[in-house]
Every structure is written in structure tokens, then in C-alpha cells.
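A.B. asks: Take this structure first; my questions come after.
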Amino acid sequence: MAAVEFLGVIPVERLWAPWRMAYIEQPDSEGCIFCLDAVDFDLREKLILYKGEETLIMLNKFPYNNGHLLIAPRRHMADLEELSPAETAELSWALQQSVAVLKKALTPQGFNLGMNLGAIAGAGVAWHLHYHIVPRWKGDTNFMPVLADVRVLPEHLNQTYEKLSPFFKDFGKGF
């Protein structure tokens, strides 16, 4: 379909987002991204900022915004009611402390906090419950997600990891 000129403006026909292919082509058989105890891995490679007794905190590999964190229990479960009191306490503490870290490290103006339980509710990893913490800034949402299903992130994941990791170095000592 050819572009049609309207008031001297030619609309964009294609928006390229090649980094999304890693998400689209990701096989379902990779296993659970939160269940890593049985595997030898590098924390940085997996974007893990904190690994506690009950909880782990990682950068979202496919973020909605810079600093988008995922907080999950280390034990594999999909249902909120399966959490033990210790897991509930550490998850709540990790959520609270992660917001404090993001405030110091990235100075956002607000946050979206949430959990999608079940695929029908929008959970991309429905088999392992987890929280999302999305830092927000004025003007961080533009037309790109609405028109092209593309998010523009001003910083690479590795840079965000390097910026946040010092704040998580002694993270578990407060719990």
C-alpha cells in the first residue's frame, strides 16, 4: 500500500523493532525464568539484582519502561494463596525496598505496581506469580505503543543493570 500525502505529511508505513524478535521467537520450552536454582548462571546475564531466601528481583528483559523490575518468590507457584507467611513477608519487603531503590537510582515521578494472575489476566509468565514495578516519568508514554506496539527506551538494559546493581549489593541485610 502506497503512502498517501495528507497536508504535506507522508505517514510512516513501517516501524522497525528488531529487538522484539527475541521475545517473539522465544521458545516456550525454555522453562521458568524465575526458577534458576538448579542451573548454573551468571546473575548479570539473567539480569538478577537480588536473590534472597524467599525472593528474587530482576530487571524485566522486555520492559515497559527503564528500570522495570520483576519480583517473584523463588519457589515455583502460580497462585497467590500458595505463598507461605515467610514468602509473603519477603515479597512485600522486597516490593517496598525496590521502590525505594528506584527512587534513589532513577528518580522517577511515579510507579505502576501490579501482578497479573493467570494468562487471561495478562500474565506473560502465568505459571510463576510475580510483581511488576514500573517507574514512570512525565511524558514517558507517547504514540509509539499505541500506534505501533513499540516502546522507546532511552537506556540499554545493561546500563540500567549497572546503575541499579550497587543499590542491591547489601539489599538483603535489612530483612
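Residue names in the C-alpha cells use chain letters A, B, ... in the order shown, residue numbers from 1 in each chain, and ligand numbers from 1 in the order shown.
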Just the strand (DSSP E or B) stuff from segment 20-108 of chain A, please, per backbone DSSP, written as a PyMOL selection string.
C.D. replies: chain A and resi 48-51+55-59+69-73
A.B. asks: DSSP on the backbone, then: every residue of segment 76-106 of chain A marked alpha helix (DSSP H), written as a VMD selection string.
C.D. replies: chain A and resid 85 to 106
A.B. asks: Please determine, counting only C-alpha atoms, which residue among A:Glu162, A:Leu47, A:Arg75, A:Ser98 has the shortest atom-to-atom distance to Phe62 of chain A.
C.D. replies: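 Looking only at the distances to Phe62 of chain A, the closest residue turns out to be A:Leu47.
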A.B. asks: Kindly indicate which residue among A:Leu95, A:Lys51, A:Gln109, A:Leu117 lies nearest to Leu80 of chain A, using only C-alpha atoms for the distances.
C.D. replies: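 Closest candidate: A:Leu117.
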A.B. asks: Write out as a VMD selection string the residues lying within 9 Å of Trp137 of chain A, counting only C-alpha atoms and excluding same-chain residues fewer than 2 positions away.
C.D. replies: chain A and resid 107 to 111 135 139 to 141
